[in-house]
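Source file: my_file_36.cif (mmCIF, C-alpha atoms)
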```
data_work
#
loop_
_atom_site.group_PDB
_atom_site.id
_atom_site.type_symbol
_atom_site.label_atom_id
_atom_site.label_comp_id
_atom_site.auth_asym_id
_atom_site.auth_seq_id
_atom_site.Cartn_x
_atom_site.Cartn_y
_atom_site.Cartn_z
ATOM 1 C CA MET Z 1114 136.701 113.782 137.326
ATOM 2 C CA SER Z 1115 133.682 113.432 135.036
ATOM 3 C CA ASP Z 1116 133.882 113.078 131.256
ATOM 4 C CA PRO Z 1117 132.028 115.965 129.517
ATOM 5 C CA ASP Z 1118 131.360 113.692 126.509
ATOM 6 C CA ARG Z 1119 129.627 111.087 128.650
ATOM 7 C CA LEU Z 1120 126.368 110.980 130.604
ATOM 8 C CA ASP Z 1121 126.392 109.286 133.991
ATOM 9 C CA ILE Z 1122 123.639 106.911 132.878
ATOM 10 C CA GLU Z 1123 123.821 103.119 132.568
ATOM 11 C CA MET Z 1124 120.861 101.050 131.432
ATOM 12 C CA SER Z 1125 119.563 98.179 129.382
ATOM 13 C CA GLY Z 1126 117.024 97.980 126.622
ATOM 14 C CA GLY Z 1127 115.786 95.915 123.737
ATOM 15 C CA CYS Z 1128 113.175 95.305 121.117
ATOM 16 C CA GLN Z 1129 109.451 94.912 121.591
ATOM 17 C CA CYS Z 1130 109.423 91.101 121.486
ATOM 18 C CA GLY Z 1131 112.538 90.601 123.660
ATOM 19 C CA ALA Z 1132 114.557 88.641 121.069
ATOM 20 C CA VAL Z 1133 117.258 91.346 121.055
ATOM 21 C CA ARG Z 1134 118.501 92.948 124.281
ATOM 22 C CA PHE Z 1135 121.464 95.234 124.979
ATOM 23 C CA HIS Z 1136 123.234 96.930 127.852
ATOM 24 C CA ALA Z 1137 124.943 100.319 127.740
ATOM 25 C CA SER Z 1138 127.431 100.896 130.563
ATOM 26 C CA ALA Z 1139 127.657 104.596 129.597
ATOM 27 C CA LEU Z 1140 125.854 106.948 127.242
ATOM 28 C CA MET Z 1141 127.438 109.697 125.186
ATOM 29 C CA ALA Z 1142 126.437 113.295 125.933
ATOM 30 C CA ASN Z 1143 124.632 113.624 122.591
ATOM 31 C CA PRO Z 1144 120.991 112.619 123.144
ATOM 32 C CA HIS Z 1145 119.004 114.168 120.324
ATOM 33 C CA ILE Z 1146 116.018 114.058 118.024
ATOM 34 C CA CYS Z 1147 116.557 113.648 114.289
ATOM 35 C CA HIS Z 1148 113.870 114.790 111.852
ATOM 36 C CA CYS Z 1149 115.688 113.842 108.613
ATOM 37 C CA ARG Z 1150 113.757 112.012 105.941
ATOM 38 C CA MET Z 1151 116.005 108.928 106.115
ATOM 39 C CA CYS Z 1152 115.308 108.522 109.851
ATOM 40 C CA GLN Z 1153 111.599 109.042 109.199
ATOM 41 C CA LYS Z 1154 111.549 106.297 106.561
ATOM 42 C CA ALA Z 1155 113.703 103.924 108.650
ATOM 43 C CA THR Z 1156 111.302 104.051 111.601
ATOM 44 C CA GLY Z 1157 107.974 104.978 110.039
ATOM 45 C CA GLN Z 1158 107.849 107.898 112.479
ATOM 46 C CA LEU Z 1159 108.125 111.671 112.130
ATOM 47 C CA MET Z 1160 111.340 111.759 114.169
ATOM 48 C CA VAL Z 1161 113.830 109.558 115.958
ATOM 49 C CA ALA Z 1162 115.161 110.117 119.451
ATOM 50 C CA ALA Z 1163 118.669 108.650 119.760
ATOM 51 C CA VAL Z 1164 121.713 108.659 122.006
ATOM 52 C CA GLY Z 1165 125.244 107.535 121.250
ATOM 53 C CA VAL Z 1166 126.876 104.558 122.911
ATOM 54 C CA ARG Z 1167 130.566 103.906 122.308
ATOM 55 C CA GLU Z 1168 131.372 100.378 121.121
ATOM 56 C CA GLU Z 1169 133.288 99.603 124.325
ATOM 57 C CA HIS Z 1170 130.190 100.516 126.374
ATOM 58 C CA LEU Z 1171 127.669 98.458 124.331
ATOM 59 C CA VAL Z 1172 126.975 94.750 124.806
ATOM 60 C CA TRP Z 1173 124.263 92.772 123.015
ATOM 61 C CA THR Z 1174 122.989 90.576 125.865
ATOM 62 C CA ARG Z 1175 120.395 88.566 123.908
ATOM 63 C CA GLY Z 1176 120.376 88.052 120.175
ATOM 64 C CA ALA Z 1177 121.699 90.653 117.764
ATOM 65 C CA PRO Z 1178 120.109 93.155 115.413
ATOM 66 C CA THR Z 1179 119.744 92.537 111.714
ATOM 67 C CA ILE Z 1180 121.554 95.232 109.744
ATOM 68 C CA PHE Z 1181 120.202 97.221 106.794
ATOM 69 C CA MET Z 1182 122.618 99.427 104.868
ATOM 70 C CA SER Z 1183 120.522 102.579 104.442
ATOM 71 C CA SER Z 1184 123.318 104.205 102.419
ATOM 72 C CA ASP Z 1185 126.890 103.412 101.415
ATOM 73 C CA TYR Z 1186 127.970 105.055 104.677
ATOM 74 C CA ALA Z 1187 125.402 104.089 107.293
ATOM 75 C CA GLU Z 1188 123.734 100.994 108.676
ATOM 76 C CA ARG Z 1189 120.620 100.592 110.761
ATOM 77 C CA GLY Z 1190 119.931 97.773 113.202
ATOM 78 C CA PHE Z 1191 116.514 96.301 113.903
ATOM 79 C CA CYS Z 1192 115.045 93.187 115.490
ATOM 80 C CA PRO Z 1193 114.710 90.412 112.885
ATOM 81 C CA HIS Z 1194 111.590 89.099 114.656
ATOM 82 C CA CYS Z 1195 109.436 92.132 115.538
ATOM 83 C CA GLY Z 1196 111.089 94.870 113.449
ATOM 84 C CA THR Z 1197 111.826 97.271 116.314
ATOM 85 C CA THR Z 1198 114.307 99.979 115.302
ATOM 86 C CA LEU Z 1199 117.363 99.713 117.565
ATOM 87 C CA SER Z 1200 120.387 101.510 116.149
ATOM 88 C CA PHE Z 1201 122.118 103.673 113.573
ATOM 89 C CA HIS Z 1202 125.839 103.445 112.819
ATOM 90 C CA PHE Z 1203 128.165 105.256 110.414
ATOM 91 C CA LYS Z 1204 130.609 102.766 108.894
ATOM 92 C CA GLY Z 1205 133.968 103.190 110.619
ATOM 93 C CA ALA Z 1206 132.574 105.110 113.599
ATOM 94 C CA ARG Z 1207 133.350 103.845 117.111
ATOM 95 C CA HIS Z 1208 129.858 104.440 118.469
ATOM 96 C CA TRP Z 1209 126.257 103.525 117.720
ATOM 97 C CA ALA Z 1210 123.264 105.851 117.923
ATOM 98 C CA MET Z 1211 120.743 103.822 119.902
ATOM 99 C CA ALA Z 1212 116.999 104.452 119.677
ATOM 100 C CA MET Z 1213 115.971 106.043 122.981
ATOM 101 C CA GLY Z 1214 112.581 104.363 122.929
ATOM 102 C CA ALA Z 1215 114.303 100.951 122.959
ATOM 103 C CA PHE Z 1216 115.818 101.644 126.395
ATOM 104 C CA ASP Z 1217 113.899 100.289 129.390
ATOM 105 C CA GLU Z 1218 113.689 103.736 131.017
ATOM 106 C CA PRO Z 1219 113.889 106.270 128.170
ATOM 107 C CA TRP Z 1220 112.559 109.095 130.364
ATOM 108 C CA ARG Z 1221 115.894 109.050 132.243
ATOM 109 C CA ILE Z 1222 117.732 110.222 129.109
ATOM 110 C CA PRO Z 1223 117.619 113.992 128.561
ATOM 111 C CA ILE Z 1224 117.281 115.394 125.045
ATOM 112 C CA HIS Z 1225 119.951 118.014 124.311
ATOM 113 C CA PHE Z 1226 119.345 119.030 120.684
ATOM 114 C CA GLN Z 1227 117.578 118.281 117.407
ATOM 115 C CA ILE Z 1228 118.996 117.801 113.922
ATOM 116 C CA GLY Z 1229 117.654 117.197 110.425
ATOM 117 C CA THR Z 1230 115.103 119.951 110.959
ATOM 118 C CA GLU Z 1231 114.693 120.357 107.194
ATOM 119 C CA GLY Z 1232 112.443 117.272 107.457
ATOM 120 C CA ARG Z 1233 110.604 118.340 110.619
ATOM 121 C CA HIS Z 1234 106.815 118.129 110.416
ATOM 122 C CA PRO Z 1235 105.460 121.677 110.882
ATOM 123 C CA ALA Z 1236 103.310 120.692 113.881
ATOM 124 C CA LEU Z 1237 106.399 119.471 115.771
ATOM 125 C CA ALA Z 1238 107.859 122.987 115.864
ATOM 126 C CA ASP Z 1239 105.369 123.800 118.636
ATOM 127 C CA LEU Z 1240 104.165 120.703 120.473
ATOM 128 C CA ASN Z 1241 102.645 122.900 123.163
ATOM 129 C CA GLY Z 1242 100.232 124.183 120.519
ATOM 130 C CA ILE Z 1243 98.843 120.690 119.849
ATOM 131 C CA ARG Z 1244 95.820 119.641 121.897
ATOM 132 C CA ASP Z 1245 96.654 117.125 124.640
ATOM 133 C CA ALA Z 1246 93.989 114.415 124.427
ATOM 134 C CA GLY Z 1247 95.180 112.688 127.604
ATOM 135 C CA THR Z 1248 96.451 109.176 128.187
ATOM 136 C CA THR Z 1249 95.297 106.044 126.392
ATOM 137 C CA GLU Z 1250 94.423 104.513 129.760
ATOM 138 C CA ALA Z 1251 92.074 107.405 130.576
ATOM 139 C CA ALA Z 1252 90.532 107.645 127.103
ATOM 140 C CA ASP Z 1253 89.824 103.895 126.755
ATOM 141 C CA PRO Z 1254 90.413 102.084 130.057
ATOM 142 C CA ALA Z 1255 88.715 98.838 128.945
ATOM 143 C CA GLY Z 1256 90.681 98.742 125.693
ATOM 144 C CA ALA Z 1257 93.936 99.528 127.471
ATOM 145 C CA GLU Z 1258 93.269 96.693 129.951
ATOM 146 C CA ARG Z 1259 92.519 94.208 127.124
ATOM 147 C CA ILE Z 1260 95.801 95.114 125.465
ATOM 148 C CA ARG Z 1261 97.716 94.884 128.759
ATOM 149 C CA LEU Z 1262 96.319 91.421 129.492
ATOM 150 C CA SER Z 1263 97.068 90.090 126.013
ATOM 151 C CA SER Z 1264 100.406 91.846 125.439
ATOM 152 C CA HIS Z 1265 103.319 89.955 123.914
ATOM 153 C CA GLN Z 1266 105.639 92.905 124.583
ATOM 154 C CA HIS Z 1267 108.794 92.192 126.561
ATOM 155 C CA PRO Z 1268 108.773 93.908 129.984
ATOM 156 C CA ASP Z 1269 110.975 96.945 130.584
ATOM 157 C CA HIS Z 1270 113.687 94.998 132.387
ATOM 158 C CA ASP Z 1271 116.108 92.179 131.702
ATOM 159 C CA THR Z 1272 114.719 88.638 131.913
ATOM 160 C CA GLU Z 1273 116.606 85.369 131.939
ATOM 161 C CA PHE Z 1274 114.174 83.868 129.435
ATOM 162 C CA TRP Z 1275 111.525 85.324 127.148
ATOM 163 C CA PRO Z 1276 108.800 84.417 126.498
#
```

Written form, structure tokens:
Amino acid sequence: MSDPDRLDIEMSGGCQCGAVRFHASALMANPHICHCRMCQKATGQLMVAAVGVREEHLVWTRGAPTIFMSSDYAERGFCPHCGTTLSFHFKGARHWAMAMGAFDEPWRIPIHFQIGTEGRHPALADLNGIRDAGTTEAADPAGAERIRLSSHQHPDHDTEFWP
């Protein structure tokens, strides 16, 4: 029998430089986007896509995040080396909200709802109305190739050693 509070998805992820890696053996059925101002400031982005992982389903497989107490009630985890946003956690809660973009295959995680819409940028209310300028690879293939060849970004899979 399946658990309605759990997604049948297991995957790993980590920061941009590879110093911090994690594995989630199950995801909670709460993948969402948050537009609140605190999430915006914490990531430097207009929104955060996150999914819950219960403590018993989360293992830090390389390194550990540095924690910043963003309020008296919540802490945020990030890589101490490259600064990648990794997690959000209410003190006392038994799960962590993990940044979807930190997973190796974020496209496998559906998005079920959005919260904090009081902080939503007006243009994000209708993304279909924003002009699609295409992919970076198509717009600047030479530049994209230079970046690919000189990238220090950890690959989207677990490695025994990095770099």

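The coordinates place atom CA of Z:Pro1193 at 27.1 Å from atom CA of Z:Gly1229.
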
**OP:** Would you translate the PyMOL selection byres ((chain Z and resi 1118) around 9) into the concrete set of residues it matches in this file, as a PyMOL selection string?
**Re:** chain Z and resi 1115-1117+1119-1120+1140-1143

Original post:
Which residues match the PyMOL selection byres ((chain Z and resi 1272) around 12) in the file above, as JSON, numbers by chain?
Top reply: {"Z": [1125, 1126, 1127, 1130, 1131, 1132, 1133, 1134, 1135, 1174, 1175, 1217, 1267, 1268, 1269, 1270, 1271, 1273, 1274, 1275, 1276]}

**OP:** Any chance you could resolve the PyMOL selection byres ((chain Z and resi 1222) around 12) against this file and give the residues as a ChimeraX atom specification?
**Re:** /Z:1119-1124,1139-1146,1162-1165,1211-1221,1223-1225

**OP:** Record the distance separating atom CA of Z:Leu1240 and atom CA of Z:Gln1227, expressed in Å with one decimal.
**Re:**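 Result for atom CA of Z:Leu1240 versus atom CA of Z:Gln1227: 14.0 Å, one decimal.
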
Original post:
Which polymer residues have any atom within 8 Å of an atom of Z:His1208, counting all atoms listed in the file, with same-chain residues fewer than 5 positions away left out, as number ranges by chain?
Top reply: Z: 1165-1168, 1202

Contacts of Z:Cys1192 within 9 Å, all atoms listed in the file, excl. fewer than 2 positions in-chain, as a PDB file with C-alpha atoms, in the coordinates of the input:
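The resulting file, around30.pdb, is reproduced below:
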```
ATOM      1  CA  GLY Z1127     115.786  95.915 123.737  1.00  0.00           C
ATOM      2  CA  CYS Z1128     113.175  95.305 121.117  1.00  0.00           C
ATOM      3  CA  GLN Z1129     109.451  94.912 121.591  1.00  0.00           C
ATOM      4  CA  CYS Z1130     109.423  91.101 121.486  1.00  0.00           C
ATOM      5  CA  GLY Z1131     112.538  90.601 123.660  1.00  0.00           C
ATOM      6  CA  ALA Z1132     114.557  88.641 121.069  1.00  0.00           C
ATOM      7  CA  VAL Z1133     117.258  91.346 121.055  1.00  0.00           C
ATOM      8  CA  GLY Z1176     120.376  88.052 120.175  1.00  0.00           C
ATOM      9  CA  ALA Z1177     121.699  90.653 117.764  1.00  0.00           C
ATOM     10  CA  PRO Z1178     120.109  93.155 115.413  1.00  0.00           C
ATOM     11  CA  THR Z1179     119.744  92.537 111.714  1.00  0.00           C
ATOM     12  CA  ILE Z1180     121.554  95.232 109.744  1.00  0.00           C
ATOM     13  CA  GLY Z1190     119.931  97.773 113.202  1.00  0.00           C
ATOM     14  CA  HIS Z1194     111.590  89.099 114.656  1.00  0.00           C
ATOM     15  CA  CYS Z1195     109.436  92.132 115.538  1.00  0.00           C
ATOM     16  CA  GLY Z1196     111.089  94.870 113.449  1.00  0.00           C
ATOM     17  CA  THR Z1197     111.826  97.271 116.314  1.00  0.00           C
ATOM     18  CA  THR Z1198     114.307  99.979 115.302  1.00  0.00           C
ATOM     19  CA  LEU Z1199     117.363  99.713 117.565  1.00  0.00           C
TER      20      LEU Z1199
END
```

Do a neighbour search on Z:Arg1233 at 8 Å with only C-alpha atoms, toss out local chain neighbours closer than 3 positions, and write the hits as a PDB file with C-alpha atoms, keeping the file's coordinate frame.
```pdb
ATOM      1  CA  HIS Z1148     113.870 114.790 111.852  1.00  0.00           C
ATOM      2  CA  CYS Z1149     115.688 113.842 108.613  1.00  0.00           C
ATOM      3  CA  LEU Z1159     108.125 111.671 112.130  1.00  0.00           C
ATOM      4  CA  MET Z1160     111.340 111.759 114.169  1.00  0.00           C
ATOM      5  CA  GLY Z1229     117.654 117.197 110.425  1.00  0.00           C
ATOM      6  CA  THR Z1230     115.103 119.951 110.959  1.00  0.00           C
ATOM      7  CA  LEU Z1237     106.399 119.471 115.771  1.00  0.00           C
ATOM      8  CA  ALA Z1238     107.859 122.987 115.864  1.00  0.00           C
TER       9      ALA Z1238
END
```

Listed atoms of stretch 1197-1210 of chain Z boxed axis-aligned with 6 Å per side, centre + edges as lines of an AutoDock Vina configuration file:
```
center_x = 122.9
center_y = 101.6
center_z = 113.7
size_x = 34.1
size_y = 20.6
size_z = 21.6
```

Original post:
In Å to one decimal, how far is atom CA of Z:Val1172 from atom CA of Z:Ala1155?
Top reply: 22.8 Å

**OP:** Using only C-alpha atoms, pick whichever of Z:Glu1258, Z:Asp1239, Z:Glu1188, Z:Glu1250 has the shortest atom-to-atom distance to Z:Gly1205.
**Re:**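 Smallest separation from Z:Gly1205 among the options: Z:Glu1188.
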
Original post:
Taking all atoms listed in the file into account, which of Z:Asn1241, Z:His1234, Z:Leu1171, Z:Asp1185 comes nearest Z:Arg1207?
Top reply: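 The shortest atom-to-atom distance to Z:Arg1207 comes from Z:Leu1171.
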